[in-house]
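**Student:** See work-v1.pdb below, with PDB, C-alpha atoms and all ligand atoms.
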ATOM      1  CA  MET A 281      24.211  97.332  50.177  1.00  0.00           C
ATOM      2  CA  THR A 282      27.454  97.989  52.056  1.00  0.00           C
ATOM      3  CA  THR A 283      30.339  95.560  51.668  1.00  0.00           C
ATOM      4  CA  LEU A 284      32.444  95.102  54.786  1.00  0.00           C
ATOM      5  CA  SER A 285      36.124  94.610  53.967  1.00  0.00           C
ATOM      6  CA  ILE A 286      38.003  92.334  56.335  1.00  0.00           C
ATOM      7  CA  GLU A 287      41.679  91.648  55.796  1.00  0.00           C
ATOM      8  CA  VAL A 288      44.776  90.512  57.640  1.00  0.00           C
ATOM      9  CA  ARG A 289      47.888  92.389  56.575  1.00  0.00           C
ATOM     10  CA  ARG A 290      51.370  93.141  57.819  1.00  0.00           C
ATOM     11  CA  ALA A 291      51.402  96.071  60.221  1.00  0.00           C
ATOM     12  CA  ASP A 292      52.662  99.403  58.999  1.00  0.00           C
ATOM     13  CA  PRO A 293      54.432 101.762  61.457  1.00  0.00           C
ATOM     14  CA  ARG A 294      51.396 104.062  60.980  1.00  0.00           C
ATOM     15  CA  ASP A 295      49.234 101.362  62.645  1.00  0.00           C
ATOM     16  CA  ALA A 296      51.225 101.669  65.896  1.00  0.00           C
ATOM     17  CA  ARG A 297      48.738 103.838  67.775  1.00  0.00           C
ATOM     18  CA  ALA A 298      45.796 101.590  66.904  1.00  0.00           C
ATOM     19  CA  ILE A 299      47.686  98.403  67.817  1.00  0.00           C
ATOM     20  CA  ALA A 300      48.678  99.916  71.183  1.00  0.00           C
ATOM     21  CA  ALA A 301      44.974 100.654  71.825  1.00  0.00           C
ATOM     22  CA  VAL A 302      43.958  97.085  70.920  1.00  0.00           C
ATOM     23  CA  HIS A 303      46.742  95.718  73.099  1.00  0.00           C
ATOM     24  CA  ARG A 304      45.620  97.796  76.097  1.00  0.00           C
ATOM     25  CA  SER A 305      41.899  96.986  75.824  1.00  0.00           C
ATOM     26  CA  ALA A 306      42.340  93.305  75.014  1.00  0.00           C
ATOM     27  CA  TRP A 307      44.889  92.698  77.761  1.00  0.00           C
ATOM     28  CA  ILE A 308      42.816  94.460  80.425  1.00  0.00           C
ATOM     29  CA  ALA A 309      39.698  92.515  79.383  1.00  0.00           C
ATOM     30  CA  ALA A 310      41.554  89.188  79.244  1.00  0.00           C
ATOM     31  CA  TYR A 311      43.836  89.455  82.277  1.00  0.00           C
ATOM     32  CA  ALA A 312      42.380  91.821  84.919  1.00  0.00           C
ATOM     33  CA  GLY A 313      41.762  89.671  87.991  1.00  0.00           C
ATOM     34  CA  MET A 314      44.066  86.940  86.646  1.00  0.00           C
ATOM     35  CA  ILE A 315      47.468  88.637  86.358  1.00  0.00           C
ATOM     36  CA  PRO A 316      48.157  90.853  89.416  1.00  0.00           C
ATOM     37  CA  HIS A 317      47.396  94.528  88.799  1.00  0.00           C
ATOM     38  CA  ARG A 318      50.933  95.998  88.973  1.00  0.00           C
ATOM     39  CA  PRO A 319      52.679  93.555  86.598  1.00  0.00           C
ATOM     40  CA  LEU A 320      49.715  93.812  84.202  1.00  0.00           C
ATOM     41  CA  VAL A 321      49.872  97.619  84.151  1.00  0.00           C
ATOM     42  CA  ASN A 322      53.665  97.468  83.663  1.00  0.00           C
ATOM     43  CA  MET A 323      53.331  95.095  80.701  1.00  0.00           C
ATOM     44  CA  ILE A 324      50.738  97.346  79.091  1.00  0.00           C
ATOM     45  CA  GLU A 325      52.746 100.520  79.717  1.00  0.00           C
ATOM     46  CA  ARG A 326      55.850  99.019  78.078  1.00  0.00           C
ATOM     47  CA  ARG A 327      53.912  98.526  74.849  1.00  0.00           C
ATOM     48  CA  ARG A 328      53.012 102.073  73.990  1.00  0.00           C
ATOM     49  CA  GLU A 329      52.783 103.463  70.467  1.00  0.00           C
ATOM     50  CA  ASP A 330      56.582 103.830  70.083  1.00  0.00           C
ATOM     51  CA  TRP A 331      57.155 100.185  70.998  1.00  0.00           C
ATOM     52  CA  TRP A 332      54.706  99.058  68.307  1.00  0.00           C
ATOM     53  CA  ARG A 333      56.198 101.445  65.757  1.00  0.00           C
ATOM     54  CA  ARG A 334      59.607  99.853  66.313  1.00  0.00           C
ATOM     55  CA  ALA A 335      58.068  96.355  66.249  1.00  0.00           C
ATOM     56  CA  ALA A 336      56.357  97.062  62.920  1.00  0.00           C
ATOM     57  CA  ARG A 337      59.724  98.161  61.467  1.00  0.00           C
ATOM     58  CA  GLY A 338      61.663  95.279  63.028  1.00  0.00           C
ATOM     59  CA  PRO A 339      62.425  91.751  61.860  1.00  0.00           C
ATOM     60  CA  SER A 340      59.530  90.036  63.657  1.00  0.00           C
ATOM     61  CA  THR A 341      56.158  89.833  61.957  1.00  0.00           C
ATOM     62  CA  VAL A 342      53.297  91.909  63.315  1.00  0.00           C
ATOM     63  CA  LEU A 343      49.952  91.340  61.606  1.00  0.00           C
ATOM     64  CA  VAL A 344      46.800  93.396  61.939  1.00  0.00           C
ATOM     65  CA  LEU A 345      43.159  92.468  61.452  1.00  0.00           C
ATOM     66  CA  ASP A 346      41.662  95.364  59.529  1.00  0.00           C
ATOM     67  CA  VAL A 347      37.858  95.524  59.573  1.00  0.00           C
ATOM     68  CA  ALA A 348      36.624  98.274  57.265  1.00  0.00           C
ATOM     69  CA  GLY A 349      39.695 100.396  58.022  1.00  0.00           C
ATOM     70  CA  LYS A 350      39.559  99.831  61.790  1.00  0.00           C
ATOM     71  CA  ILE A 351      42.317  97.793  63.490  1.00  0.00           C
ATOM     72  CA  ALA A 352      40.238  95.249  65.419  1.00  0.00           C
ATOM     73  CA  GLY A 353      43.031  92.855  66.376  1.00  0.00           C
ATOM     74  CA  TYR A 354      46.675  91.956  65.976  1.00  0.00           C
ATOM     75  CA  ALA A 355      48.960  88.941  66.056  1.00  0.00           C
ATOM     76  CA  THR A 356      52.714  88.483  66.271  1.00  0.00           C
ATOM     77  CA  ILE A 357      54.296  85.424  64.702  1.00  0.00           C
ATOM     78  CA  GLY A 358      57.739  83.940  64.096  1.00  0.00           C
ATOM     79  CA  LEU A 359      60.021  81.052  64.973  1.00  0.00           C
ATOM     80  CA  ASN A 360      59.091  78.697  67.792  1.00  0.00           C
ATOM     81  CA  ARG A 361      61.186  79.631  70.844  1.00  0.00           C
ATOM     82  CA  VAL A 362      61.069  76.295  72.691  1.00  0.00           C
ATOM     83  CA  ARG A 363      63.536  73.745  71.342  1.00  0.00           C
ATOM     84  CA  ALA A 364      61.844  70.820  73.079  1.00  0.00           C
ATOM     85  CA  LEU A 365      58.865  71.300  70.726  1.00  0.00           C
ATOM     86  CA  LYS A 366      59.678  70.386  67.151  1.00  0.00           C
ATOM     87  CA  GLN A 367      57.085  72.635  65.508  1.00  0.00           C
ATOM     88  CA  GLU A 368      58.892  75.429  63.671  1.00  0.00           C
ATOM     89  CA  GLY A 369      56.417  78.304  63.834  1.00  0.00           C
ATOM     90  CA  GLU A 370      54.816  80.153  66.743  1.00  0.00           C
ATOM     91  CA  ILE A 371      52.018  82.625  67.257  1.00  0.00           C
ATOM     92  CA  TYR A 372      53.381  84.710  70.118  1.00  0.00           C
ATOM     93  CA  GLU A 373      50.251  86.809  70.585  1.00  0.00           C
ATOM     94  CA  LEU A 374      46.753  86.964  69.108  1.00  0.00           C
ATOM     95  CA  TYR A 375      44.331  89.553  70.503  1.00  0.00           C
ATOM     96  CA  LEU A 376      41.084  91.159  69.424  1.00  0.00           C
ATOM     97  CA  LEU A 377      39.292  94.214  70.780  1.00  0.00           C
ATOM     98  CA  PRO A 378      36.592  92.911  73.165  1.00  0.00           C
ATOM     99  CA  GLU A 379      33.757  94.254  70.992  1.00  0.00           C
ATOM    100  CA  TYR A 380      35.038  92.223  68.008  1.00  0.00           C
ATOM    101  CA  GLN A 381      35.313  88.907  69.873  1.00  0.00           C
ATOM    102  CA  GLY A 382      32.997  85.935  69.464  1.00  0.00           C
ATOM    103  CA  ILE A 383      31.993  86.526  65.825  1.00  0.00           C
ATOM    104  CA  GLY A 384      34.553  84.403  64.004  1.00  0.00           C
ATOM    105  CA  LEU A 385      37.283  87.003  63.556  1.00  0.00           C
ATOM    106  CA  GLY A 386      39.712  85.235  65.918  1.00  0.00           C
ATOM    107  CA  SER A 387      39.420  82.056  63.844  1.00  0.00           C
ATOM    108  CA  TYR A 388      40.035  84.074  60.691  1.00  0.00           C
ATOM    109  CA  LEU A 389      43.128  85.776  62.144  1.00  0.00           C
ATOM    110  CA  PHE A 390      44.418  82.430  63.425  1.00  0.00           C
ATOM    111  CA  ARG A 391      44.035  80.783  59.983  1.00  0.00           C
ATOM    112  CA  GLU A 392      45.784  83.700  58.296  1.00  0.00           C
ATOM    113  CA  CYS A 393      48.702  83.463  60.773  1.00  0.00           C
ATOM    114  CA  ARG A 394      48.958  79.761  60.029  1.00  0.00           C
ATOM    115  CA  GLY A 395      48.942  80.428  56.291  1.00  0.00           C
ATOM    116  CA  ILE A 396      51.698  83.036  56.556  1.00  0.00           C
ATOM    117  CA  LEU A 397      53.881  80.728  58.682  1.00  0.00           C
ATOM    118  CA  ARG A 398      53.424  78.056  55.996  1.00  0.00           C
ATOM    119  CA  GLU A 399      54.410  80.548  53.300  1.00  0.00           C
ATOM    120  CA  LEU A 400      57.552  81.179  55.335  1.00  0.00           C
ATOM    121  CA  HIS A 401      58.181  77.392  55.106  1.00  0.00           C
ATOM    122  CA  MET A 402      57.659  76.797  58.800  1.00  0.00           C
ATOM    123  CA  SER A 403      56.185  73.404  59.484  1.00  0.00           C
ATOM    124  CA  GLY A 404      53.896  73.123  62.509  1.00  0.00           C
ATOM    125  CA  LEU A 405      52.877  75.742  64.990  1.00  0.00           C
ATOM    126  CA  VAL A 406      52.973  76.417  68.745  1.00  0.00           C
ATOM    127  CA  VAL A 407      50.844  78.775  70.851  1.00  0.00           C
ATOM    128  CA  TRP A 408      51.269  79.366  74.600  1.00  0.00           C
ATOM    129  CA  CYS A 409      48.257  80.389  76.630  1.00  0.00           C
ATOM    130  CA  LEU A 410      47.603  80.877  80.352  1.00  0.00           C
ATOM    131  CA  GLU A 411      45.583  77.949  81.688  1.00  0.00           C
ATOM    132  CA  ASP A 412      43.272  80.340  83.572  1.00  0.00           C
ATOM    133  CA  ASN A 413      42.370  82.082  80.301  1.00  0.00           C
ATOM    134  CA  GLU A 414      39.485  79.691  79.737  1.00  0.00           C
ATOM    135  CA  HIS A 415      38.104  81.529  76.729  1.00  0.00           C
ATOM    136  CA  ALA A 416      41.446  81.282  74.900  1.00  0.00           C
ATOM    137  CA  VAL A 417      41.966  77.637  75.954  1.00  0.00           C
ATOM    138  CA  THR A 418      38.521  76.790  74.500  1.00  0.00           C
ATOM    139  CA  PHE A 419      39.359  78.770  71.377  1.00  0.00           C
ATOM    140  CA  TYR A 420      42.681  76.983  70.714  1.00  0.00           C
ATOM    141  CA  ARG A 421      41.060  73.588  71.301  1.00  0.00           C
ATOM    142  CA  ALA A 422      38.288  74.567  68.858  1.00  0.00           C
ATOM    143  CA  MET A 423      41.023  75.477  66.343  1.00  0.00           C
ATOM    144  CA  GLY A 424      42.329  71.897  66.605  1.00  0.00           C
ATOM    145  CA  GLY A 425      45.299  72.553  68.900  1.00  0.00           C
ATOM    146  CA  MET A 426      46.548  69.881  71.289  1.00  0.00           C
ATOM    147  CA  ASP A 427      47.998  70.977  74.625  1.00  0.00           C
ATOM    148  CA  VAL A 428      51.149  68.904  74.842  1.00  0.00           C
ATOM    149  CA  ALA A 429      53.344  71.084  77.061  1.00  0.00           C
ATOM    150  CA  GLU A 430      53.095  73.215  80.149  1.00  0.00           C
ATOM    151  CA  GLY A 431      55.201  75.771  81.961  1.00  0.00           C
ATOM    152  CA  MET A 432      55.020  78.519  84.551  1.00  0.00           C
ATOM    153  CA  GLU A 433      55.095  82.266  83.947  1.00  0.00           C
ATOM    154  CA  ASP A 434      56.010  84.710  86.731  1.00  0.00           C
ATOM    155  CA  PHE A 435      54.069  87.947  87.240  1.00  0.00           C
ATOM    156  CA  GLY A 436      55.657  89.648  90.233  1.00  0.00           C
ATOM    157  CA  GLU A 437      55.078  87.351  93.208  1.00  0.00           C
ATOM    158  CA  THR A 438      52.507  85.251  91.342  1.00  0.00           C
ATOM    159  CA  SER A 439      53.254  82.271  89.108  1.00  0.00           C
ATOM    160  CA  LEU A 440      50.613  81.154  86.631  1.00  0.00           C
ATOM    161  CA  LYS A 441      50.497  77.950  84.634  1.00  0.00           C
ATOM    162  CA  LYS A 442      50.645  78.164  80.860  1.00  0.00           C
ATOM    163  CA  LEU A 443      49.736  75.523  78.293  1.00  0.00           C
ATOM    164  CA  GLY A 444      51.603  74.905  75.051  1.00  0.00           C
ATOM    165  CA  PHE A 445      49.249  74.040  72.166  1.00  0.00           C
ATOM    166  CA  VAL A 446      50.638  72.522  68.977  1.00  0.00           C
ATOM    167  CA  TRP A 447      49.393  72.009  65.432  1.00  0.00           C
ATOM    168  CA  ARG A 448      51.227  69.591  63.156  1.00  0.00           C
ATOM    169  CA  ASP A 449      51.310  70.062  59.406  1.00  0.00           C
TER     170      ASP A 449
HETATM  171  C1  LIG B   1      40.656  84.231  72.094  1.00  0.00           C
HETATM  172  C2  LIG B   1      40.237  85.042  70.871  1.00  0.00           C
HETATM  173  C3  LIG B   1      41.442  85.301  69.968  1.00  0.00           C
HETATM  174  C4  LIG B   1      39.182  84.212  70.109  1.00  0.00           C
HETATM  175  O1  LIG B   1      38.699  84.948  69.000  1.00  0.00           O
HETATM  176  P1  LIG B   1      37.121  85.096  68.775  1.00  0.00           P
HETATM  177  O2  LIG B   1      36.924  85.923  67.558  1.00  0.00           O
HETATM  178  O3  LIG B   1      36.499  85.572  70.024  1.00  0.00           O
HETATM  179  O4  LIG B   1      36.692  83.574  68.499  1.00  0.00           O
HETATM  180  P2  LIG B   1      35.758  83.054  67.313  1.00  0.00           P
HETATM  181  O5  LIG B   1      34.505  83.860  67.298  1.00  0.00           O
HETATM  182  O6  LIG B   1      36.549  82.963  66.054  1.00  0.00           O
HETATM  183  O7  LIG B   1      35.381  81.598  67.870  1.00  0.00           O
HETATM  184  C5  LIG B   1      36.065  80.431  67.496  1.00  0.00           C
HETATM  185  C6  LIG B   1      35.749  79.334  68.485  1.00  0.00           C
HETATM  186  O8  LIG B   1      36.324  79.637  69.768  1.00  0.00           O
HETATM  187  C7  LIG B   1      35.416  79.258  70.810  1.00  0.00           C
HETATM  188  N1  LIG B   1      34.948  80.464  71.508  1.00  0.00           N
HETATM  189  C8  LIG B   1      34.839  81.714  71.007  1.00  0.00           C
HETATM  190  N2  LIG B   1      34.381  82.553  71.954  1.00  0.00           N
HETATM  191  C9  LIG B   1      34.199  81.808  73.074  1.00  0.00           C
HETATM  192  C10 LIG B   1      33.746  82.108  74.398  1.00  0.00           C
HETATM  193  N3  LIG B   1      33.383  83.338  74.781  1.00  0.00           N
HETATM  194  N4  LIG B   1      33.719  81.104  75.291  1.00  0.00           N
HETATM  195  C11 LIG B   1      34.079  79.862  74.931  1.00  0.00           C
HETATM  196  N5  LIG B   1      34.503  79.533  73.694  1.00  0.00           N
HETATM  197  C12 LIG B   1      34.557  80.491  72.777  1.00  0.00           C
HETATM  198  C13 LIG B   1      34.257  78.557  70.162  1.00  0.00           C
HETATM  199  O9  LIG B   1      34.551  77.185  70.113  1.00  0.00           O
HETATM  200  C14 LIG B   1      34.260  79.139  68.776  1.00  0.00           C
HETATM  201  O10 LIG B   1      33.738  78.288  67.815  1.00  0.00           O
HETATM  202  P3  LIG B   1      32.165  78.363  67.451  1.00  0.00           P
HETATM  203  O11 LIG B   1      31.858  79.790  67.153  1.00  0.00           O
HETATM  204  O12 LIG B   1      32.063  77.462  66.273  1.00  0.00           O
HETATM  205  O13 LIG B   1      31.454  77.879  68.668  1.00  0.00           O
HETATM  206  C15 LIG B   1      39.582  86.408  71.231  1.00  0.00           C
HETATM  207  O14 LIG B   1      38.365  86.192  71.924  1.00  0.00           O
HETATM  208  C16 LIG B   1      40.470  87.285  72.081  1.00  0.00           C
HETATM  209  O15 LIG B   1      41.193  88.108  71.533  1.00  0.00           O
HETATM  210  N6  LIG B   1      40.391  87.129  73.419  1.00  0.00           N
HETATM  211  C17 LIG B   1      41.129  87.924  74.341  1.00  0.00           C
HETATM  212  C18 LIG B   1      42.592  87.789  74.186  1.00  0.00           C
HETATM  213  C19 LIG B   1      43.140  86.408  74.382  1.00  0.00           C
HETATM  214  O16 LIG B   1      42.793  85.724  75.337  1.00  0.00           O
HETATM  215  N7  LIG B   1      44.006  86.046  73.422  1.00  0.00           N
HETATM  216  C20 LIG B   1      44.707  84.789  73.470  1.00  0.00           C
HETATM  217  C21 LIG B   1      45.919  84.925  74.323  1.00  0.00           C
HETATM  218  S1  LIG B   1      46.839  83.437  74.372  1.00  0.00           S
END
Before we go any further, please render this structure as structure tokens.
Ligand SMILES: CC(C)(COP(=O)(O)OP(=O)(O)OC[C@H]1O[C@@H](n2cnc3c(N)ncnc32)[C@H](O)[C@@H]1OP(=O)(O)O)[C@@H](O)C(=O)NCCC(=O)NCCS
**Tutor:**
Amino acid sequence: MTTLSIEVRRADPRDARAIAAVHRSAWIAAYAGMIPHRPLVNMIERRREDWWRRAARGPSTVLVLDVAGKIAGYATIGLNRVRALKQEGEIYELYLLPEYQGIGLGSYLFRECRGILRELHMSGLVVWCLEDNEHAVTFYRAMGGMDVAEGMEDFGETSLKKLGFVWRD
């Protein structure tokens, strides 16, 4: 019998190429047809391997979901950026490769992010998500989040509504 190892760990600079590949695939799958093409391509191009290598060395926390040695997803976490919300922690991004979605790994990565923020003594958590990203909205509701805030995000000429989900400790 083969045992499948699944772990969430802090990213190493050597993971940069794999994270860039996850970022590209997950963002295209999630946002093509929602975010206009040019701004979407620009956002993806900015996050090449070098960007992720610097991010993994930097002060912010980049986590990877490692499934049997393959980077299947990533998350970035840190301090909540919106003062009006009193939760201290934030998951800035949480993305899985399309072929790894829908089998419980997103929930696992989310719970691990929450655990690490707690270990860092951050009470409560915020996640921002585009309202049109119905899959993610359903996911965050299923994780127990409450959408208590909203805002707009500009992508070139297009503005899209985003929802702020919170979890209280
Ligand atoms: C959103 C995302 C992180 C969810 O992770 P996942 O592994 O697919 O989700 P899980 O399998 O852990 O499912 C957890 C719950 O989310 C909901 N969910 C999952 N997939 C869903 C789908 N395709 N449609 C609707 N709800 C879904 C369900 O309620 C599910 O609970 P259940 O299995 O008990 O029914 C992942 O699909 C992803 O990376 N999507 C693309 C990127 C993205 O949108 N990221 C969020 C940006 S803010």
**Student:** Give the answer as one residue: which of A:Gly382, A:Gly431, A:Gly353, A:Pro319 has the shortest atom-to-atom distance to ligand LIG 1 (chain B), using only C-alpha atoms and all ligand atoms?
**Tutor:** A:Gly382
**Student:** Tell me which of A:Ala416, A:Val446, A:Ile351, A:Ile286 sits closest to ligand LIG 1 (chain B), counting only C-alpha atoms and all ligand atoms.
**Tutor:** A:Ala416
**Student:** Given the file shown, determine the residues that the PyMOL selection byres (((not hetatm)) within 6 of (chain B and resi 1)) selects; report them as a ChimeraX atom specification.
**Tutor:** /A:306,310,374-376,381-387,409,415-416,418-419,422
**Student:** Could you jot down the atom CA of Ser285 of chain A to atom CA of Val347 of chain A separation for me, Å, one decimal place?
**Tutor:**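 Taking atom CA of Ser285 of chain A and atom CA of Val347 of chain A, their separation equals 5.9 Å.
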**Student:** Which residue out of A:Ala309, A:Leu410, A:Leu400, A:Ala355 has the minimum interatomic distance to Phe445 of chain A when only C-alpha atoms are used?
**Tutor:** A:Leu410
**Student:** Expressed in Å to a single decimal, how great is the separation between atom CA of Gly369 of chain A and atom CA of Lys350 of chain A?
**Tutor:**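 About the pair atom CA of Gly369 of chain A and atom CA of Lys350 of chain A: they are 27.4 Å apart.
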**Student:** So how many Å separate atom CA of Leu397 of chain A and atom CA of Arg289 of chain A, to one decimal?
**Tutor:** 13.3 Å
**Student:** Using the chain letters and residue numbers of this document, give as a ChimeraX atom specification the residues selected by the PyMOL selection byres (((chain A and resi 362) around 12) and not hetatm).
**Tutor:** /A:358-361,363-370,372,405-408,429-431,444,446
**Student:** Quick one: which residues end up in the PyMOL selection byres (((chain A and resi 394) around 9) and not hetatm) for this structure, as an mmCIF file with C-alpha atoms, keeping the file's coordinate frame?
**Tutor:**
data_model
loop_
_atom_site.group_PDB
_atom_site.id
_atom_site.type_symbol
_atom_site.label_atom_id
_atom_site.label_comp_id
_atom_site.auth_asym_id
_atom_site.auth_seq_id
_atom_site.Cartn_x
_atom_site.Cartn_y
_atom_site.Cartn_z
ATOM 1 C CA GLY A 369 56.417 78.304 63.834
ATOM 2 C CA GLU A 370 54.816 80.153 66.743
ATOM 3 C CA ILE A 371 52.018 82.625 67.257
ATOM 4 C CA LEU A 389 43.128 85.776 62.144
ATOM 5 C CA PHE A 390 44.418 82.430 63.425
ATOM 6 C CA ARG A 391 44.035 80.783 59.983
ATOM 7 C CA GLU A 392 45.784 83.700 58.296
ATOM 8 C CA CYS A 393 48.702 83.463 60.773
ATOM 9 C CA GLY A 395 48.942 80.428 56.291
ATOM 10 C CA ILE A 396 51.698 83.036 56.556
ATOM 11 C CA LEU A 397 53.881 80.728 58.682
ATOM 12 C CA ARG A 398 53.424 78.056 55.996
ATOM 13 C CA GLU A 399 54.410 80.548 53.300
ATOM 14 C CA GLY A 404 53.896 73.123 62.509
ATOM 15 C CA LEU A 405 52.877 75.742 64.990
#
**Student:** Compile the contact shell of Ile299 of chain A as an MDAnalysis selection string: residues with an atom at most 9 Å away, counting only C-alpha atoms, same-chain residues fewer than 5 positions apart removed.
**Tutor:** chainID A and resid 291 304 328:329 332 344 351:354
**Student:** At a cut-off of 10 Å, using only C-alpha atoms, what residues contact segment 334-338 of chain A? Leave out same-chain residues fewer than 6 positions from it and give the result as a VMD selection string.
**Tutor:** chain A and resid 290 to 296 327 356
**Student:** Adding 8 Å on each side of the box along x, y and z that holds all listed atoms of segment 297-302 of chain A, could you give its centre and edge lengths in Å to one decimal, as JSON?
**Tutor:**
{"center_x": 46.3, "center_y": 100.5, "center_z": 69.4, "size_x": 20.8, "size_y": 22.8, "size_z": 20.9}
**Student:** Counting only C-alpha atoms, figure out which residue out of A:Met323, A:Ile308, A:Val302, A:Leu284 gets nearest to Ala348 of chain A.
**Tutor:** A:Leu284
**Student:** When you count all atoms listed in the file, which of these residues is closest to Asp346 of chain A: A:Val321, A:Val288, A:Phe435, A:Glu379?
**Tutor:** A:Val288
**Student:** Can you work out which one of A:Ala301, A:Met314, A:Met432, A:Leu443 has the shortest atom-to-atom distance to Tyr420 of chain A, counting only C-alpha atoms?
**Tutor:** A:Leu443
**Student:** Please provide as a list in words all residues within 9 Å of Glu433 of chain A, with the sequence filter that same-chain residues fewer than 3 positions apart are discarded (counting all atoms listed in the file).
**Tutor:**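 Close residues of Glu433 of chain A: Leu410, Thr438, Ser439, Leu440, Lys441 and Lys442 of chain A.
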**Student:** For the residues in the current selection, export C-alpha atoms as a PDB file, in the frame of the given file.
**Tutor:**
ATOM      1  CA  LEU A 410      47.603  80.877  80.352  1.00  0.00           C
ATOM      2  CA  THR A 438      52.507  85.251  91.342  1.00  0.00           C
ATOM      3  CA  SER A 439      53.254  82.271  89.108  1.00  0.00           C
ATOM      4  CA  LEU A 440      50.613  81.154  86.631  1.00  0.00           C
ATOM      5  CA  LYS A 441      50.497  77.950  84.634  1.00  0.00           C
ATOM      6  CA  LYS A 442      50.645  78.164  80.860  1.00  0.00           C
TER       7      LYS A 442
END
